[in-house]
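These notes are about the structure you will find just below.
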Amino acid sequence: MDYCSGTDRRSDAELGMENGYALAPLQQGMLYNSLKQAGTGVDIEQLVFTLHEAVDTACFESAWKQVIDRHQALRAYFCWEGIDKPVQIFAPRVEFSVQEHDWRDIPKCEQADLLATYLQSDRILGFDLAKPPLMRLACFLIGANETQYVWTFHHIALDGRSFPLILKEVFALYEASLRDEPCLLDPPRRYSDFLQWLEQQDPMSAEAYWRTALEGFVTPTRLSLSPLASDPVVDEGLYAEQELKLPAELTTKLRSFAHENEITVNNMVQGALALLLSRYSGEDDVLFGSTRACRHSTVDGADQTVGLFINTVPLRVRLPGELSVMDWLHGLRAQHIALRDVEQTPLVRIREWSEISGNASLFETLFVFENYDLETSLRAQGESWVNREFRLLEQPGFPLTLTAYLGSRLVLRLHYETPRFDAATMGRMLDHLQILLHSMVEGSFQRLADIPMLTESEREQILVEWNDNAAEYPTDACIHTLFEAQVERT
């Protein structure tokens with residue numbers, strides 16, 4: 001099969017534009033990153049899932065092949081050289097097979113080390129975006145009736161809303177095959193419908209909005225949180241994660257508070273992040289990136305379409321200290337809604353319309369909100385799903401990413417560059433976010449300036465320990481005499 005390579009020099013007409021489409025806004029940035037940051041693992045996604053059941057590996061591979069045949073996005077590849085602008089094309093067929101490894105004779109502790117090594121090397125391997133499919137699947141036999149799979153793919157092809165769609169179809173086809181029964185799935189939605197819709201939009205119509213939204217913002221919001229932050233950046237591309245599960249009681253309060261006041265939990269976590277960035281940076285005007293799902297404002301059936309719809313746009317938040325928390329949150333909600341009309345604007349365009357000079361990025365911190373946790377959502381289907389575990393591994397291309405997953409307990413996960421931030425600082429940040437969320441619920445009519453953020457131990461340290469400055473000094477001399485003596489000494 002003859003696919004377009006990165007060195008292909010054919011014209012648009014020769015490429016056959018009936019099968020070629022312009023890239024979605026976020027895909028443009030990901031293509032750029034893949035060329036600039038090859039071998040770093042940025043935008044490579046890995047879904048690790050463990051099946052505690054007997055697996056017919058041949059039937060399972062067949063199910064994946066059928067799903068790939070069904071969905072255009074799983075057969076996408078990209079061409080960019082020798083043409084006016086990059087395009088994506090959907091191959092009619094792709095070759096796909098599962099790599100199988102038998103680790104059943106290897107001790108469990110060694111299996112974990114081997115898996116970690118595999119995940120890292122497979123991430124760094126990345127993909128040639130000119131050669132489909134932009135995904136791999138590896139099977140690891142690790143015990144009796146226990147099989148582990150690693151599904152590695154490039155984020156340029158899929159977003160988080162696509163994962164459950166794909167997995168549900170794969171397992172439906174697989175289980176039907178085991179029963180020797182037909183599997184009746186709904187006709188697949190075409191990702192190209194969304195891309196065609198995008199091409200009909202006027203990208204310049206959003207210019208007035210973004211110029212107004214970013215007017216006067218000239219300095220990106222940066223964080224200097226630890227000694228590491230001031231050191232020269234070395235070993236770029238090294239990342240770590242930390243997460244915090246909020247208590248179920250607090251999560252319930254957040255849901256109720258949001259519902260009663262016509263806002264969302266998403267707005268509340270956005271607000272907590274804005275408050276935290278303001279307190280850490282000392283600024284009352286902060287900006288961070290926000291990922292938008294972009295499915296409700298586009299084509300019909302988008303929620304059931306496999307592909308990449310999301311886009312990342314800047315969110316500028318002002319924090320007037322005298323404003324009440326409630327009024328401020330309602331303002332955030334209104335701002336969130338207003339973005340729907342311009343959420344598909346390419347970030348490179350928004351950067352051009354901003355007043356930030358030089359080559360500085362608009363933001364270094366990214367916020368992502370998901371209305372569900374993938375594993376919880378899938379296992380909630382019951383039956384054989386309860387014997388399956390799922391774990392998503394990501395590497396966004398930003399120094400700091402906060403992802404919130406809303407389930408029975410709100411999960412806050414920080415993904416950060418280890419040359420920039422240390423683990424202790426990230427742990428404190430998660431604690432501060434939890435306290436800010438609790439403070440917003442309990443003090444919604446307080447001024448923003450009065451919302452507490454510190455933990456009890458930090459308050460004790462600041463108010464008690466650091467004020468324990470009693471010292472012995474001569475009591476037979478006046479203050480000015482003691483001062484003069486100190487001047488003589490130092």
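Labels used: A, B, ... for chains in the order of the structure tokens, numbers from 1 for residues in each chain, and numbers from 1 for ligands as shown.
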Contacts between stretch 403-420 of chain A and stretch 237-274 of chain A, please, where a residue of stretch 237-274 of chain A counts if it comes within 8 Å (with only C-alpha atoms); show its shortest atom pair and distance in Å to one decimal, rows by chain and ascending number, as CSV.
residue,atom,partner,partner_atom,distance
A:Gly237,CA,A:Glu417,CA,7.0
A:Leu238,CA,A:Glu417,CA,5.8
A:Tyr239,CA,A:Glu417,CA,4.5
A:Ala240,CA,A:Tyr416,CA,5.6
A:Glu241,CA,A:His415,CA,4.6
A:Gln242,CA,A:Leu414,CA,5.3
A:Glu243,CA,A:Arg413,CA,4.0
A:Leu244,CA,A:Leu412,CA,5.2
A:Lys245,CA,A:Val411,CA,4.5
A:Leu246,CA,A:Leu410,CA,5.4
A:Pro247,CA,A:Arg409,CA,6.1
A:Ala248,CA,A:Arg409,CA,4.9
A:Thr251,CA,A:Arg409,CA,5.5
A:Thr252,CA,A:Ser408,CA,7.8
A:Val269,CA,A:Ala404,CA,7.8
### Long-range neighbours of stretch 300-316 of chain A as a list in words, 7 Å cut-off, only C-alpha atoms, 6 positions minimum in chain
Pro25, Leu26, His71, Ala73, Ile156, Ala157, Leu158, Asp159, Ser162, Arg189, Arg190, Tyr191, Val286, Leu287, Phe288, Gly289, Ser290, Thr291, Arg292, Ala293, Cys294, Glu343, Gln344 and Leu347 of chain A
#### Entry: d(atom CA of A:Ile435, atom CA of A:Thr264) in Å
18.0 Å
### Message
Residues near stretch 99-104 of chain A, anyone? I mean within 9 Å using only C-alpha atoms, not counting same-chain ones fewer than 3 positions away, as a VMD selection string.
### Response
chain A and resid 57 107 to 108 111 136 to 144
### Task
Name the residues of stretch 192-382 of chain A that come out as strand (DSSP E or B) in a backbone DSSP run; write them as a count of residues only.
30
### Query
What's the 12 Å shell around A:Ala172, counting only C-alpha atoms, without same-chain residues fewer than 6 positions away, as an NGL selection string?
:A and (59-60 or 62-64 or 66-67 or 164-166 or 178-179 or 181-186 or 384-385)
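The neighbours of A:Pro203 here are the residues that come within 9 Å of it, using only C-alpha atoms and leaving out any residue fewer than 2 positions away in the same chain; they are A:Leu198, A:Glu199, A:Gln201, A:Ser205, A:Ala206, A:Glu207, A:Val342, A:Gln344, A:Thr345, A:Pro346, A:Arg349.
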### Query
For A:Ile356, which residue among A:Arg391, A:Lys131, A:Arg340, A:Arg211 is the nearest when counting only C-alpha atoms?
A:Arg211
### Point-to-point distance from atom CA of A:Glu81 to atom CA of A:Leu134, Å rounded to tenths
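Pair atom CA of A:Glu81 / atom CA of A:Leu134 returns 18.6 Å.
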Compile a residue-level contact table for stretch 36-110 of chain A against stretch 117-122 of chain A at a cut-off of 12 Å, reporting for every qualifying residue the shortest atom pair and its distance in Å to one decimal, with only C-alpha atoms counted, rows ordered by chain and ascending number, as CSV.
residue,atom,partner,partner_atom,distance
A:Gly39,CA,A:Ser121,CA,9.7
A:Thr40,CA,A:Gln120,CA,10.2
A:Gly41,CA,A:Gln120,CA,8.4
A:Val42,CA,A:Gln120,CA,11.8
A:Ile44,CA,A:Asp122,CA,9.3
A:Glu45,CA,A:Asp122,CA,10.3
A:Gln46,CA,A:Leu119,CA,7.9
A:Leu47,CA,A:Leu119,CA,10.1
A:Val48,CA,A:Leu119,CA,9.3
A:His101,CA,A:Tyr118,CA,11.2
A:Glu110,CA,A:Thr117,CA,10.7
Write out, as a PDB file, in the first residue's frame, the residues just selected, with C-alpha atoms.
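Dumped everything to selection.pdb:
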ATOM      1  CA  GLY A  39      11.499  11.072  20.409  1.00  0.00           C
ATOM      2  CA  THR A  40      10.247  12.932  23.503  1.00  0.00           C
ATOM      3  CA  GLY A  41       6.981  11.005  23.900  1.00  0.00           C
ATOM      4  CA  VAL A  42       4.872  14.181  23.858  1.00  0.00           C
ATOM      5  CA  ILE A  44       1.775   9.759  22.811  1.00  0.00           C
ATOM      6  CA  GLU A  45      -1.074   8.095  24.725  1.00  0.00           C
ATOM      7  CA  GLN A  46      -0.972   4.656  26.315  1.00  0.00           C
ATOM      8  CA  LEU A  47      -3.940   2.754  27.678  1.00  0.00           C
ATOM      9  CA  VAL A  48      -2.950  -0.229  29.813  1.00  0.00           C
ATOM     10  CA  HIS A 101       4.658 -11.602  24.689  1.00  0.00           C
ATOM     11  CA  GLU A 110      10.041  -8.644  37.380  1.00  0.00           C
TER      12      GLU A 110
END
### Task
Quick one: everything within 7 Å of stretch 212-224 of chain A, counting only C-alpha atoms, minus sequence neighbours fewer than 6 positions away in the same chain. Send it as a list in words.
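So the residues in contact are Tyr280, Ser281, Val286, Leu287, Ser354, Glu355, Ile356, Leu362, Phe363 and Glu364 of chain A.
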With N, CA and C atoms retained, export the selected residues as a PDB file, in the first residue's frame.
ATOM      1  N   TYR A 280       0.133  31.965  44.023  1.00  0.00           N
ATOM      2  CA  TYR A 280       1.520  31.542  43.810  1.00  0.00           C
ATOM      3  C   TYR A 280       2.327  32.596  43.049  1.00  0.00           C
ATOM      4  N   SER A 281       1.682  33.267  42.095  1.00  0.00           N
ATOM      5  CA  SER A 281       2.408  34.221  41.243  1.00  0.00           C
ATOM      6  C   SER A 281       2.346  35.651  41.764  1.00  0.00           C
ATOM      7  N   VAL A 286      -4.583  36.259  35.749  1.00  0.00           N
ATOM      8  CA  VAL A 286      -3.814  35.075  35.364  1.00  0.00           C
ATOM      9  C   VAL A 286      -4.404  34.447  34.116  1.00  0.00           C
ATOM     10  N   LEU A 287      -3.595  33.626  33.464  1.00  0.00           N
ATOM     11  CA  LEU A 287      -4.033  32.973  32.239  1.00  0.00           C
ATOM     12  C   LEU A 287      -3.469  31.560  32.202  1.00  0.00           C
ATOM     13  N   SER A 354      -2.646  38.069  20.401  1.00  0.00           N
ATOM     14  CA  SER A 354      -2.373  38.506  21.775  1.00  0.00           C
ATOM     15  C   SER A 354      -1.344  39.635  21.773  1.00  0.00           C
ATOM     16  N   GLU A 355      -1.131  40.221  22.952  1.00  0.00           N
ATOM     17  CA  GLU A 355      -0.170  41.306  23.099  1.00  0.00           C
ATOM     18  C   GLU A 355       1.119  40.840  23.771  1.00  0.00           C
ATOM     19  N   ILE A 356       1.311  39.543  23.865  1.00  0.00           N
ATOM     20  CA  ILE A 356       2.543  39.005  24.430  1.00  0.00           C
ATOM     21  C   ILE A 356       3.637  39.078  23.371  1.00  0.00           C
ATOM     22  N   LEU A 362       1.706  31.442  25.312  1.00  0.00           N
ATOM     23  CA  LEU A 362       0.612  32.112  26.005  1.00  0.00           C
ATOM     24  C   LEU A 362       0.492  31.635  27.453  1.00  0.00           C
ATOM     25  N   PHE A 363       0.761  30.352  27.655  1.00  0.00           N
ATOM     26  CA  PHE A 363       0.602  29.788  29.002  1.00  0.00           C
ATOM     27  C   PHE A 363       1.513  28.578  29.177  1.00  0.00           C
ATOM     28  N   GLU A 364       1.801  28.271  30.433  1.00  0.00           N
ATOM     29  CA  GLU A 364       2.614  27.111  30.789  1.00  0.00           C
ATOM     30  C   GLU A 364       1.805  26.063  31.549  1.00  0.00           C
TER      31      GLU A 364
END
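Distance annotation: of A:Thr475, A:Met453, A:Phe369, A:Gly29, the residue with the minimal separation from A:Gln434 is A:Met453; atom set is only C-alpha atoms.
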Just list as an mmCIF file with N, CA, C and O atoms, in the first residue's frame whatever in stretch 358-462 of chain A DSSP marks as alpha helix (DSSP H).
data_model
loop_
_atom_site.group_PDB
_atom_site.id
_atom_site.type_symbol
_atom_site.label_atom_id
_atom_site.label_comp_id
_atom_site.auth_asym_id
_atom_site.auth_seq_id
_atom_site.Cartn_x
_atom_site.Cartn_y
_atom_site.Cartn_z
ATOM 1 N N LEU A 374 -12.327 7.069 33.258
ATOM 2 C CA LEU A 374 -12.492 6.041 32.237
ATOM 3 C C LEU A 374 -12.738 4.670 32.847
ATOM 4 O O LEU A 374 -13.681 3.966 32.473
ATOM 5 N N GLU A 375 -11.911 4.260 33.801
ATOM 6 C CA GLU A 375 -12.063 2.919 34.371
ATOM 7 C C GLU A 375 -13.400 2.777 35.089
ATOM 8 O O GLU A 375 -14.115 1.789 34.915
ATOM 9 N N THR A 376 -13.755 3.776 35.890
ATOM 10 C CA THR A 376 -15.020 3.714 36.611
ATOM 11 C C THR A 376 -16.190 3.619 35.652
ATOM 12 O O THR A 376 -17.133 2.833 35.859
ATOM 13 N N SER A 377 -16.131 4.412 34.576
ATOM 14 C CA SER A 377 -17.210 4.417 33.589
ATOM 15 C C SER A 377 -17.343 3.061 32.908
ATOM 16 O O SER A 377 -18.463 2.548 32.732
ATOM 17 N N LEU A 378 -16.235 2.457 32.526
ATOM 18 C CA LEU A 378 -16.288 1.175 31.825
ATOM 19 C C LEU A 378 -16.709 0.039 32.751
ATOM 20 O O LEU A 378 -17.563 -0.785 32.402
ATOM 21 N N ARG A 379 -16.154 -0.014 33.946
ATOM 22 C CA ARG A 379 -16.468 -1.106 34.865
ATOM 23 C C ARG A 379 -17.890 -1.009 35.398
ATOM 24 O O ARG A 379 -18.467 -2.004 35.849
ATOM 25 N N ALA A 423 8.511 16.908 43.710
ATOM 26 C CA ALA A 423 7.345 16.149 44.166
ATOM 27 C C ALA A 423 6.689 16.790 45.385
ATOM 28 O O ALA A 423 5.457 16.832 45.489
ATOM 29 N N ALA A 424 7.482 17.298 46.333
ATOM 30 C CA ALA A 424 6.921 17.892 47.547
ATOM 31 C C ALA A 424 6.068 19.116 47.207
ATOM 32 O O ALA A 424 4.983 19.314 47.768
ATOM 33 N N THR A 425 6.551 19.931 46.280
ATOM 34 C CA THR A 425 5.807 21.120 45.878
ATOM 35 C C THR A 425 4.490 20.733 45.209
ATOM 36 O O THR A 425 3.443 21.341 45.451
ATOM 37 N N MET A 426 4.521 19.719 44.367
ATOM 38 C CA MET A 426 3.299 19.283 43.706
ATOM 39 C C MET A 426 2.295 18.711 44.705
ATOM 40 O O MET A 426 1.084 18.893 44.571
ATOM 41 N N GLY A 427 2.791 18.023 45.720
ATOM 42 C CA GLY A 427 1.909 17.526 46.766
ATOM 43 C C GLY A 427 1.213 18.659 47.506
ATOM 44 O O GLY A 427 0.012 18.597 47.794
ATOM 45 N N ARG A 428 1.968 19.722 47.805
ATOM 46 C CA ARG A 428 1.366 20.889 48.467
ATOM 47 C C ARG A 428 0.334 21.557 47.561
ATOM 48 O O ARG A 428 -0.703 22.031 48.023
ATOM 49 N N MET A 429 0.637 21.606 46.268
ATOM 50 C CA MET A 429 -0.305 22.231 45.346
ATOM 51 C C MET A 429 -1.645 21.495 45.352
ATOM 52 O O MET A 429 -2.718 22.116 45.359
ATOM 53 N N LEU A 430 -1.607 20.175 45.360
ATOM 54 C CA LEU A 430 -2.844 19.400 45.410
ATOM 55 C C LEU A 430 -3.604 19.679 46.704
ATOM 56 O O LEU A 430 -4.835 19.821 46.698
ATOM 57 N N ASP A 431 -2.884 19.760 47.818
ATOM 58 C CA ASP A 431 -3.535 20.091 49.093
ATOM 59 C C ASP A 431 -4.188 21.468 49.026
ATOM 60 O O ASP A 431 -5.308 21.660 49.516
ATOM 61 N N HIS A 432 -3.492 22.434 48.441
ATOM 62 C CA HIS A 432 -4.035 23.787 48.338
ATOM 63 C C HIS A 432 -5.289 23.820 47.459
ATOM 64 O O HIS A 432 -6.255 24.540 47.772
ATOM 65 N N LEU A 433 -5.291 23.054 46.376
ATOM 66 C CA LEU A 433 -6.469 23.007 45.514
ATOM 67 C C LEU A 433 -7.670 22.448 46.275
ATOM 68 O O LEU A 433 -8.796 22.949 46.151
ATOM 69 N N GLN A 434 -7.438 21.403 47.063
ATOM 70 C CA GLN A 434 -8.536 20.820 47.839
ATOM 71 C C GLN A 434 -9.091 21.828 48.844
ATOM 72 O O GLN A 434 -10.309 21.977 48.991
ATOM 73 N N ILE A 435 -8.201 22.537 49.524
ATOM 74 C CA ILE A 435 -8.648 23.530 50.514
ATOM 75 C C ILE A 435 -9.410 24.659 49.837
ATOM 76 O O ILE A 435 -10.443 25.133 50.344
ATOM 77 N N LEU A 436 -8.955 25.112 48.679
ATOM 78 C CA LEU A 436 -9.649 26.174 47.960
ATOM 79 C C LEU A 436 -11.049 25.736 47.542
ATOM 80 O O LEU A 436 -12.015 26.509 47.656
ATOM 81 N N LEU A 437 -11.195 24.499 47.080
ATOM 82 C CA LEU A 437 -12.516 24.004 46.701
ATOM 83 C C LEU A 437 -13.435 23.934 47.923
ATOM 84 O O LEU A 437 -14.611 24.333 47.852
ATOM 85 N N HIS A 438 -12.903 23.439 49.022
ATOM 86 C CA HIS A 438 -13.688 23.391 50.264
ATOM 87 C C HIS A 438 -14.064 24.796 50.715
ATOM 88 O O HIS A 438 -15.210 25.061 51.122
ATOM 89 N N SER A 439 -13.141 25.724 50.613
ATOM 90 C CA SER A 439 -13.377 27.099 51.061
ATOM 91 C C SER A 439 -14.433 27.782 50.208
ATOM 92 O O SER A 439 -15.240 28.570 50.724
ATOM 93 N N MET A 440 -14.465 27.483 48.896
ATOM 94 C CA MET A 440 -15.464 28.093 48.033
ATOM 95 C C MET A 440 -16.865 27.616 48.393
ATOM 96 O O MET A 440 -17.828 28.386 48.370
ATOM 97 N N VAL A 441 -16.997 26.343 48.722
ATOM 98 C CA VAL A 441 -18.302 25.798 49.089
ATOM 99 C C VAL A 441 -18.778 26.376 50.419
ATOM 100 O O VAL A 441 -19.939 26.762 50.572
ATOM 101 N N GLU A 442 -17.863 26.440 51.380
ATOM 102 C CA GLU A 442 -18.245 26.871 52.727
ATOM 103 C C GLU A 442 -18.303 28.386 52.873
ATOM 104 O O GLU A 442 -18.937 28.890 53.793
ATOM 105 N N GLU A 456 -3.532 23.267 57.767
ATOM 106 C CA GLU A 456 -3.384 23.556 59.191
ATOM 107 C C GLU A 456 -1.911 23.619 59.594
ATOM 108 O O GLU A 456 -1.497 24.478 60.374
ATOM 109 N N SER A 457 -1.106 22.708 59.058
ATOM 110 C CA SER A 457 0.318 22.700 59.417
ATOM 111 C C SER A 457 1.018 23.953 58.905
ATOM 112 O O SER A 457 1.897 24.505 59.568
ATOM 113 N N GLU A 458 0.616 24.438 57.702
ATOM 114 C CA GLU A 458 1.219 25.656 57.169
ATOM 115 C C GLU A 458 0.804 26.874 57.990
ATOM 116 O O GLU A 458 1.617 27.764 58.244
ATOM 117 N N ARG A 459 -0.454 26.911 58.415
ATOM 118 C CA ARG A 459 -0.908 28.018 59.260
ATOM 119 C C ARG A 459 -0.163 28.020 60.592
ATOM 120 O O ARG A 459 0.242 29.067 61.104
ATOM 121 N N GLU A 460 0.050 26.836 61.153
ATOM 122 C CA GLU A 460 0.789 26.718 62.413
ATOM 123 C C GLU A 460 2.224 27.214 62.221
ATOM 124 O O GLU A 460 2.770 27.933 63.072
ATOM 125 N N GLN A 461 2.815 26.842 61.083
ATOM 126 C CA GLN A 461 4.194 27.252 60.823
ATOM 127 C C GLN A 461 4.316 28.763 60.692
ATOM 128 O O GLN A 461 5.203 29.389 61.287
ATOM 129 N N ILE A 462 3.381 29.376 59.930
ATOM 130 C CA ILE A 462 3.456 30.819 59.684
ATOM 131 C C ILE A 462 3.102 31.624 60.923
ATOM 132 O O ILE A 462 3.795 32.581 61.294
#
### Query
Between A:Ser324, A:Ser97, A:Asn359, A:Gln381, which has the minimum distance to A:Trp151 (counting only C-alpha atoms)?
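Selected residue with least distance to A:Trp151: A:Ser97.
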### Task
Would you mind telling me which residue in A:Thr490, A:Ser192, A:Thr147, A:Asn387 lies nearest to A:Ala24 when using only C-alpha atoms?
A:Ser192
### Query
Between A:Leu448, A:Ala130, A:Ile83, A:Leu51, which is the closest to A:Ala274 once you count only C-alpha atoms?
A:Leu448
### Summary
Residue with the minimum atom-to-atom distance to A:Val265, picked from A:Met204, A:Ala380, A:Val487, A:Leu329 with only C-alpha atoms counted, is A:Leu329
